[in-house]
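Shown here: run_18.pdb, PDB, C-alpha atoms.
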```
MODEL        1
ATOM      1  CA  MET F 962      25.597  17.600 -27.700  1.00  0.00           C
ATOM      2  CA  SER F 963      27.678  14.822 -26.091  1.00  0.00           C
ATOM      3  CA  SER F 964      25.278  12.158 -27.326  1.00  0.00           C
ATOM      4  CA  ALA F 965      25.365  13.713 -30.810  1.00  0.00           C
ATOM      5  CA  VAL F 966      29.175  13.401 -30.744  1.00  0.00           C
ATOM      6  CA  LEU F 967      28.845   9.740 -29.740  1.00  0.00           C
ATOM      7  CA  GLN F 968      26.468   9.223 -32.695  1.00  0.00           C
ATOM      8  CA  GLY F 969      28.925  10.623 -35.218  1.00  0.00           C
ATOM      9  CA  VAL F 970      28.409  14.394 -35.243  1.00  0.00           C
ATOM     10  CA  PRO F 971      31.899  15.916 -35.390  1.00  0.00           C
ATOM     11  CA  GLY F 972      31.096  18.801 -33.076  1.00  0.00           C
ATOM     12  CA  SER F 973      32.316  19.649 -29.620  1.00  0.00           C
ATOM     13  CA  THR F 974      30.900  20.524 -26.242  1.00  0.00           C
ATOM     14  CA  LEU F 975      32.417  21.602 -22.953  1.00  0.00           C
ATOM     15  CA  ASP F 976      30.068  19.699 -20.688  1.00  0.00           C
ATOM     16  CA  THR F 977      27.840  16.648 -20.732  1.00  0.00           C
ATOM     17  CA  ASP F 978      24.142  17.163 -20.126  1.00  0.00           C
ATOM     18  CA  ILE F 979      22.540  14.302 -18.217  1.00  0.00           C
ATOM     19  CA  TRP F 980      18.749  14.326 -18.210  1.00  0.00           C
ATOM     20  CA  VAL F 981      17.436  13.024 -14.901  1.00  0.00           C
ATOM     21  CA  ASP F 982      13.889  11.990 -14.083  1.00  0.00           C
ATOM     22  CA  LEU F 983      13.771  13.834 -10.788  1.00  0.00           C
ATOM     23  CA  PRO F 984      11.961  16.941  -9.586  1.00  0.00           C
ATOM     24  CA  THR F 985      14.196  20.028  -9.536  1.00  0.00           C
ATOM     25  CA  ARG F 986      14.068  20.124  -5.725  1.00  0.00           C
ATOM     26  CA  ALA F 987      15.813  16.721  -5.634  1.00  0.00           C
ATOM     27  CA  TYR F 988      19.123  18.239  -6.692  1.00  0.00           C
ATOM     28  CA  MET F 989      20.551  17.296  -3.261  1.00  0.00           C
ATOM     29  CA  THR F 990      20.344  13.615  -4.273  1.00  0.00           C
ATOM     30  CA  LEU F 991      22.608  14.347  -7.227  1.00  0.00           C
ATOM     31  CA  TYR F 992      24.851  16.501  -5.057  1.00  0.00           C
ATOM     32  CA  GLN F 993      25.418  13.601  -2.651  1.00  0.00           C
ATOM     33  CA  LEU F 994      25.981  11.142  -5.485  1.00  0.00           C
ATOM     34  CA  VAL F 995      28.610  13.289  -7.178  1.00  0.00           C
ATOM     35  CA  LEU F 996      30.389  14.010  -3.900  1.00  0.00           C
ATOM     36  CA  GLU F 997      30.515  10.292  -3.068  1.00  0.00           C
ATOM     37  CA  HIS F 998      32.357   9.779  -6.377  1.00  0.00           C
ATOM     38  CA  GLY F 999      34.933  12.488  -5.820  1.00  0.00           C
ATOM     39  CA  GLY F1000      33.263  15.283  -7.781  1.00  0.00           C
ATOM     40  CA  LYS F1001      32.631  18.816  -6.627  1.00  0.00           C
ATOM     41  CA  PRO F1002      29.700  21.168  -7.171  1.00  0.00           C
ATOM     42  CA  ILE F1003      30.029  24.338  -9.237  1.00  0.00           C
ATOM     43  CA  THR F1004      26.343  25.257  -9.163  1.00  0.00           C
ATOM     44  CA  LYS F1005      23.224  23.342  -8.042  1.00  0.00           C
ATOM     45  CA  THR F1006      23.212  21.403 -11.300  1.00  0.00           C
ATOM     46  CA  VAL F1007      26.757  21.694 -12.709  1.00  0.00           C
ATOM     47  CA  TYR F1008      29.530  19.514 -11.276  1.00  0.00           C
ATOM     48  CA  ALA F1009      33.188  18.900 -11.973  1.00  0.00           C
ATOM     49  CA  LEU F1010      33.767  15.144 -11.787  1.00  0.00           C
ATOM     50  CA  SER F1011      36.867  13.532 -10.314  1.00  0.00           C
ATOM     51  CA  ASP F1012      38.634  13.801 -13.722  1.00  0.00           C
ATOM     52  CA  ASP F1013      37.657  17.516 -13.800  1.00  0.00           C
ATOM     53  CA  SER F1014      35.244  17.031 -16.705  1.00  0.00           C
ATOM     54  CA  LEU F1015      31.929  18.864 -16.381  1.00  0.00           C
ATOM     55  CA  VAL F1016      28.440  17.420 -16.183  1.00  0.00           C
ATOM     56  CA  ASN F1017      25.209  19.360 -16.112  1.00  0.00           C
ATOM     57  CA  PHE F1018      22.102  17.656 -14.746  1.00  0.00           C
ATOM     58  CA  VAL F1019      18.976  18.796 -16.522  1.00  0.00           C
ATOM     59  CA  PHE F1020      15.446  18.253 -15.239  1.00  0.00           C
ATOM     60  CA  HIS F1021      13.658  19.352 -18.387  1.00  0.00           C
ATOM     61  CA  VAL F1022      14.720  19.675 -22.025  1.00  0.00           C
ATOM     62  CA  ASP F1023      13.106  22.485 -24.011  1.00  0.00           C
ATOM     63  CA  GLY F1024      11.420  21.448 -27.235  1.00  0.00           C
ATOM     64  CA  LEU F1025      11.007  17.800 -26.196  1.00  0.00           C
ATOM     65  CA  ARG F1026       8.248  15.816 -24.542  1.00  0.00           C
ATOM     66  CA  ASP F1027       8.452  14.525 -20.974  1.00  0.00           C
ATOM     67  CA  PHE F1028      11.268  12.287 -19.780  1.00  0.00           C
ATOM     68  CA  TYR F1029       9.225   9.074 -19.886  1.00  0.00           C
ATOM     69  CA  ARG F1030       8.104   9.506 -23.500  1.00  0.00           C
ATOM     70  CA  GLU F1031      11.547  10.533 -24.730  1.00  0.00           C
ATOM     71  CA  TYR F1032      13.194   7.697 -22.804  1.00  0.00           C
ATOM     72  CA  GLN F1033      10.977   5.192 -24.617  1.00  0.00           C
ATOM     73  CA  ARG F1034      12.473   6.350 -27.923  1.00  0.00           C
ATOM     74  CA  SER F1035      16.034   6.665 -26.639  1.00  0.00           C
ATOM     75  CA  LEU F1036      18.810   4.517 -28.090  1.00  0.00           C
ATOM     76  CA  PRO F1037      21.080   2.133 -26.194  1.00  0.00           C
ATOM     77  CA  LEU F1038      24.704   2.875 -27.002  1.00  0.00           C
ATOM     78  CA  ARG F1039      27.865   1.035 -25.928  1.00  0.00           C
ATOM     79  CA  TRP F1040      30.371   3.531 -24.578  1.00  0.00           C
ATOM     80  CA  ASN F1041      33.245   3.246 -22.128  1.00  0.00           C
ATOM     81  CA  GLY F1042      32.305  -0.358 -21.319  1.00  0.00           C
ATOM     82  CA  MET F1043      28.732   0.598 -20.388  1.00  0.00           C
ATOM     83  CA  THR F1044      25.390   0.715 -22.123  1.00  0.00           C
ATOM     84  CA  ILE F1045      23.910   4.181 -21.897  1.00  0.00           C
ATOM     85  CA  GLN F1046      20.629   5.568 -23.231  1.00  0.00           C
ATOM     86  CA  VAL F1047      20.962   8.538 -25.554  1.00  0.00           C
ATOM     87  CA  LEU F1048      18.465  10.765 -27.328  1.00  0.00           C
ATOM     88  CA  PRO F1049      18.323   9.962 -31.067  1.00  0.00           C
ATOM     89  CA  LEU F1050      19.792  12.648 -33.321  1.00  0.00           C
ATOM     90  CA  GLU F1051      16.308  13.533 -34.573  1.00  0.00           C
ATOM     91  CA  ARG F1052      15.261  14.497 -31.033  1.00  0.00           C
ATOM     92  CA  ILE F1053      18.473  16.427 -30.322  1.00  0.00           C
ATOM     93  CA  LEU F1054      17.827  18.303 -33.550  1.00  0.00           C
ATOM     94  CA  ALA F1055      14.224  19.035 -32.506  1.00  0.00           C
ATOM     95  CA  SER F1056      15.425  20.478 -29.202  1.00  0.00           C
ATOM     96  CA  LYS F1057      18.132  22.590 -30.842  1.00  0.00           C
ATOM     97  CA  LYS F1058      15.680  23.934 -33.423  1.00  0.00           C
ATOM     98  CA  PHE F1059      13.384  24.938 -30.569  1.00  0.00           C
ATOM     99  CA  ILE F1060      16.050  26.519 -28.321  1.00  0.00           C
ATOM    100  CA  ARG F1061      18.016  28.254 -31.122  1.00  0.00           C
ATOM    101  CA  ARG F1062      20.894  29.627 -29.036  1.00  0.00           C
ATOM    102  CA  PRO F1063      23.878  30.676 -31.194  1.00  0.00           C
ATOM    103  CA  LYS F1064      25.664  27.393 -30.436  1.00  0.00           C
ATOM    104  CA  ASP F1065      22.548  25.414 -31.374  1.00  0.00           C
ATOM    105  CA  LEU F1066      22.423  27.180 -34.733  1.00  0.00           C
ATOM    106  CA  LEU F1067      26.000  26.009 -35.354  1.00  0.00           C
ATOM    107  CA  HIS F1068      25.176  22.414 -34.413  1.00  0.00           C
ATOM    108  CA  ILE F1069      21.980  22.115 -36.497  1.00  0.00           C
ATOM    109  CA  PRO F1070      23.625  21.791 -39.952  1.00  0.00           C
ATOM    110  CA  MET F1071      26.168  19.277 -38.599  1.00  0.00           C
ATOM    111  CA  ILE F1072      23.405  17.090 -37.171  1.00  0.00           C
ATOM    112  CA  GLU F1073      21.406  17.386 -40.402  1.00  0.00           C
ATOM    113  CA  ASP F1074      24.440  16.278 -42.450  1.00  0.00           C
ATOM    114  CA  VAL F1075      24.915  13.188 -40.271  1.00  0.00           C
ATOM    115  CA  LEU F1076      21.202  12.318 -40.360  1.00  0.00           C
ATOM    116  CA  TRP F1077      21.232  12.680 -44.139  1.00  0.00           C
ATOM    117  CA  ALA F1078      24.284  10.404 -44.477  1.00  0.00           C
ATOM    118  CA  GLN F1079      22.890   7.767 -42.114  1.00  0.00           C
ATOM    119  CA  LYS F1080      19.577   7.728 -43.978  1.00  0.00           C
ATOM    120  CA  LYS F1081      21.351   7.368 -47.347  1.00  0.00           C
ATOM    121  CA  GLN F1082      23.513   4.591 -45.973  1.00  0.00           C
ATOM    122  CA  ARG F1083      20.463   2.710 -44.637  1.00  0.00           C
ATOM    123  CA  SER F1084      18.656   2.929 -47.965  1.00  0.00           C
ATOM    124  CA  ALA F1085      21.808   1.805 -49.825  1.00  0.00           C
ATOM    125  CA  SER F1086      22.059  -1.207 -47.471  1.00  0.00           C
ATOM    126  CA  LYS F1087      18.409  -2.109 -48.139  1.00  0.00           C
ATOM    127  CA  ILE F1088      18.990  -2.015 -51.896  1.00  0.00           C
ATOM    128  CA  ARG F1089      22.079  -4.261 -51.554  1.00  0.00           C
ATOM    129  CA  LYS F1090      20.071  -6.803 -49.487  1.00  0.00           C
ATOM    130  CA  ARG F1091      17.358  -7.137 -52.162  1.00  0.00           C
TER     131      ARG F1091
ATOM    132  CA  MET O 369      44.593   8.102 -46.826  1.00  0.00           C
ATOM    133  CA  LEU O 370      41.135   7.087 -45.704  1.00  0.00           C
ATOM    134  CA  LYS O 371      40.328   3.602 -44.460  1.00  0.00           C
ATOM    135  CA  LYS O 372      37.899   1.554 -46.539  1.00  0.00           C
ATOM    136  CA  SER O 373      35.001   2.184 -44.132  1.00  0.00           C
ATOM    137  CA  GLU O 374      35.774   5.926 -44.122  1.00  0.00           C
ATOM    138  CA  GLN O 375      36.011   6.004 -47.923  1.00  0.00           C
ATOM    139  CA  LYS O 376      32.476   4.573 -48.199  1.00  0.00           C
ATOM    140  CA  TRP O 377      31.087   7.402 -46.081  1.00  0.00           C
ATOM    141  CA  PHE O 378      33.216   9.938 -47.965  1.00  0.00           C
ATOM    142  CA  ASP O 379      31.809   8.775 -51.332  1.00  0.00           C
ATOM    143  CA  LEU O 380      28.282   8.858 -49.978  1.00  0.00           C
ATOM    144  CA  LEU O 381      28.784  12.409 -48.698  1.00  0.00           C
ATOM    145  CA  LYS O 382      29.603  13.630 -52.214  1.00  0.00           C
ATOM    146  CA  GLY O 383      25.827  14.024 -52.514  1.00  0.00           C
ATOM    147  CA  ARG O 384      26.052  16.780 -49.901  1.00  0.00           C
ATOM    148  CA  LYS O 385      27.094  19.587 -52.246  1.00  0.00           C
ATOM    149  CA  HIS O 386      27.529  22.323 -49.641  1.00  0.00           C
ATOM    150  CA  LEU O 387      30.307  20.372 -47.913  1.00  0.00           C
ATOM    151  CA  GLY O 388      33.925  20.965 -48.856  1.00  0.00           C
ATOM    152  CA  GLU O 389      36.338  18.044 -49.218  1.00  0.00           C
ATOM    153  CA  ASP O 390      37.844  18.648 -45.763  1.00  0.00           C
ATOM    154  CA  GLU O 391      34.388  18.672 -44.182  1.00  0.00           C
ATOM    155  CA  ARG O 392      33.478  15.431 -45.954  1.00  0.00           C
ATOM    156  CA  ILE O 393      36.678  13.821 -44.644  1.00  0.00           C
ATOM    157  CA  LEU O 394      35.906  14.995 -41.108  1.00  0.00           C
ATOM    158  CA  LEU O 395      32.350  13.661 -41.299  1.00  0.00           C
ATOM    159  CA  ALA O 396      33.382  10.384 -42.949  1.00  0.00           C
ATOM    160  CA  ARG O 397      35.987   9.669 -40.256  1.00  0.00           C
ATOM    161  CA  SER O 398      33.475  10.449 -37.547  1.00  0.00           C
ATOM    162  CA  LEU O 399      30.718   8.316 -39.067  1.00  0.00           C
ATOM    163  CA  ALA O 400      33.039   5.338 -39.566  1.00  0.00           C
ATOM    164  CA  ALA O 401      34.352   5.434 -35.995  1.00  0.00           C
ATOM    165  CA  SER O 402      32.952   3.695 -32.921  1.00  0.00           C
ATOM    166  CA  PRO O 403      31.385   5.820 -30.147  1.00  0.00           C
ATOM    167  CA  ASP O 404      34.499   5.292 -27.993  1.00  0.00           C
ATOM    168  CA  VAL O 405      36.804   6.536 -30.748  1.00  0.00           C
ATOM    169  CA  ARG O 406      34.525   9.498 -31.451  1.00  0.00           C
ATOM    170  CA  TRP O 407      34.621  10.481 -27.800  1.00  0.00           C
ATOM    171  CA  GLN O 408      38.388  10.037 -27.591  1.00  0.00           C
ATOM    172  CA  ARG O 409      38.848  12.363 -30.566  1.00  0.00           C
ATOM    173  CA  HIS O 410      36.519  14.886 -28.989  1.00  0.00           C
ATOM    174  CA  GLU O 411      38.464  14.813 -25.727  1.00  0.00           C
ATOM    175  CA  ASN O 412      41.763  15.103 -27.603  1.00  0.00           C
ATOM    176  CA  PHE O 413      40.408  18.128 -29.424  1.00  0.00           C
ATOM    177  CA  LEU O 414      39.411  19.833 -26.176  1.00  0.00           C
ATOM    178  CA  ARG O 415      42.746  18.930 -24.541  1.00  0.00           C
ATOM    179  CA  SER O 416      44.686  20.341 -27.494  1.00  0.00           C
ATOM    180  CA  HIS O 417      43.038  23.701 -26.814  1.00  0.00           C
ATOM    181  CA  GLY O 418      43.351  23.449 -23.032  1.00  0.00           C
ATOM    182  CA  LEU O 419      39.580  23.186 -22.705  1.00  0.00           C
ATOM    183  CA  TYR O 420      39.083  19.698 -21.302  1.00  0.00           C
ATOM    184  CA  LYS O 421      39.418  20.361 -17.589  1.00  0.00           C
ATOM    185  CA  ALA O 422      37.102  22.751 -15.789  1.00  0.00           C
ATOM    186  CA  SER O 423      40.108  24.219 -13.950  1.00  0.00           C
ATOM    187  CA  SER O 424      42.072  24.905 -17.145  1.00  0.00           C
ATOM    188  CA  ARG O 425      39.062  26.593 -18.758  1.00  0.00           C
ATOM    189  CA  LYS O 426      38.974  29.339 -16.164  1.00  0.00           C
ATOM    190  CA  LYS O 427      41.711  31.261 -17.940  1.00  0.00           C
ATOM    191  CA  PHE O 428      39.396  31.463 -20.971  1.00  0.00           C
ATOM    192  CA  GLY O 429      36.647  32.950 -18.832  1.00  0.00           C
ATOM    193  CA  PHE O 430      34.514  29.834 -18.380  1.00  0.00           C
ATOM    194  CA  ASN O 431      33.078  28.886 -14.981  1.00  0.00           C
TER     195      ASN O 431
ENDMDL
END
```

Give the structure from this file in structure tokens form.
Amino acid sequence: MSSAVLQGVPGSTLDTDIWVDLPTRAYMTLYQLVLEHGGKPITKTVYALSDDSLVNFVFHVDGLRDFYREYQRSLPLRWNGMTIQVLPLERILASKKFIRRPKDLLHIPMIEDVLWAQKKQRSASKIRKR
Amino acid sequence: MLKKSEQKWFDLLKGRKHLGEDERILLARSLAASPDVRWQRHENFLRSHGLYKASSRKKFGFN
């Protein structure tokens, strides 16, 4: 949901999911990396970073294709002085529609509203350019 | 009062009939903002409820 927030969805989330292209057994690599940067583990995949914010490393996202294929369609986004790759809203929506936890059901209409507005805005821009 | 860029989104969102005026304002402000501003607002929201830090969330029953 963090990347949806960055793309304009006015929702909230308590942690940031980071999709990593690693086998699940490689969680120790992430463990070392987080520890080197002052974070601490909460579970094998959830960490509190040095500012006490939470990140959750995910190795698979339900409802989506494999990492490589989704990465090819990911969007570069400038944030906090860095360029990060984020899943497009359409793909976040696809995952949430597949998973359908109560919190996903709350996020779905918000994402659909933003997608609708962005699509309208793009078509209005095209008309103005003609 | 909405900024010009926010007003454009607000007007566009009038086509979304199920949204109330307050929801359209919220969406318009979010759509007009940069990713950094969006994230700052999100963090401010969590902080205002004492939910930003993992340690402060424990009293609400989170891990």

* To do: Would you list the contacts of Lys1080 (chain F) as a PyMOL selection string, taking every protein, DNA or RNA residue within 12 Å and counting only C-alpha atoms, but skipping same-chain residues closer than 3 positions in sequence?
  => (chain F and resi 1050-1051+1073-1077+1083-1087) or (chain O and resi 377+380-381)

Dump C-alpha atoms for the selected residues as a short mmCIF file (atom, residue, chain, number, x, y, z; two decimals), keeping the file's coordinate frame?
```cif
data_model
loop_
_atom_site.label_atom_id
_atom_site.label_comp_id
_atom_site.auth_asym_id
_atom_site.auth_seq_id
_atom_site.Cartn_x
_atom_site.Cartn_y
_atom_site.Cartn_z
CA LEU F 1050 19.79 12.65 -33.32
CA GLU F 1051 16.31 13.53 -34.57
CA GLU F 1073 21.41 17.39 -40.40
CA ASP F 1074 24.44 16.28 -42.45
CA VAL F 1075 24.92 13.19 -40.27
CA LEU F 1076 21.20 12.32 -40.36
CA TRP F 1077 21.23 12.68 -44.14
CA ARG F 1083 20.46 2.71 -44.64
CA SER F 1084 18.66 2.93 -47.96
CA ALA F 1085 21.81 1.80 -49.82
CA SER F 1086 22.06 -1.21 -47.47
CA LYS F 1087 18.41 -2.11 -48.14
CA TRP O 377 31.09 7.40 -46.08
CA LEU O 380 28.28 8.86 -49.98
CA LEU O 381 28.78 12.41 -48.70
#
```

* **Distance of CA of Leu1054 (chain F) from CA of Tyr420 (chain O), expressed in Å to one decimal place** =>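 Atom-to-atom, CA of Tyr420 (chain O) and CA of Leu1054 (chain F) are spaced 24.6 Å apart.
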
* To do: Would you kindly report the residues of chain O within 6 Å of chain F, using all atoms listed in the file, as a PyMOL selection string?
  => chain O and resi 398-399+403-404+406+421-422

* Proximity to Pro1070 (chain F) - best of O:Ala401, O:Lys371, O:Ser423, O:His386, all atoms listed in the file ->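 Nearest candidate to Pro1070 (chain F) out of O:Ala401, O:Lys371, O:Ser423, O:His386: O:His386.
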
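The two atoms in question, CA of Asp1027 (chain F) and CA of Trp980 (chain F), are spaced 10.7 Å apart.
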
* To do: Find the residue from F:Ser1056, F:Pro1049, F:Thr990, F:His998 that sits nearest to Arg1026 (chain F); use all atoms listed in the file when measuring.
  => F:Ser1056

* To do: Would you work out the distance separating CA of Gly429 (chain O) from CA of Trp407 (chain O), expressed in Å to one decimal?
  =>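 Interatomic distance here is 24.3 Å.
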
* Asked: Is there a way to get, as a ChimeraX atom specification, all residues within 12 Å of the point (16.3, 24.7, -9.0) in file coordinates, counting only C-alpha atoms?
  -> /F:983-989,1004-1007,1018-1021

* Asked: Residues at most 8 Å from His1068 (chain F), counting all atoms listed in the file, excluding those fewer than 4 positions away in the same chain, as a PyMOL selection string?
  -> chain F and resi 972+1057+1064+1072

* **Residue nearest Phe1028 (chain F) among F:Ile979, F:Ala1055, F:Leu996, F:Ile1060 (counting all atoms listed in the file)** => F:Ile979

* Which one of F:Val1016, F:Val1022, F:Leu994, F:Met962 sits closest to Asp982 (chain F) if you count all atoms listed in the file? ->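 Of the candidates, the smallest distance to Asp982 (chain F) is held by F:Val1022.
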
Report as lines of an AutoDock Vina configuration file the centre and the edge lengths, in Å to one decimal, of the axis-aligned box holding every listed atom of region 1005-1021 of chain F, padded by 5 Å on each side.
```
center_x = 26.1
center_y = 18.4
center_z = -13.2
size_x = 35.0
size_y = 19.8
size_z = 20.3
```
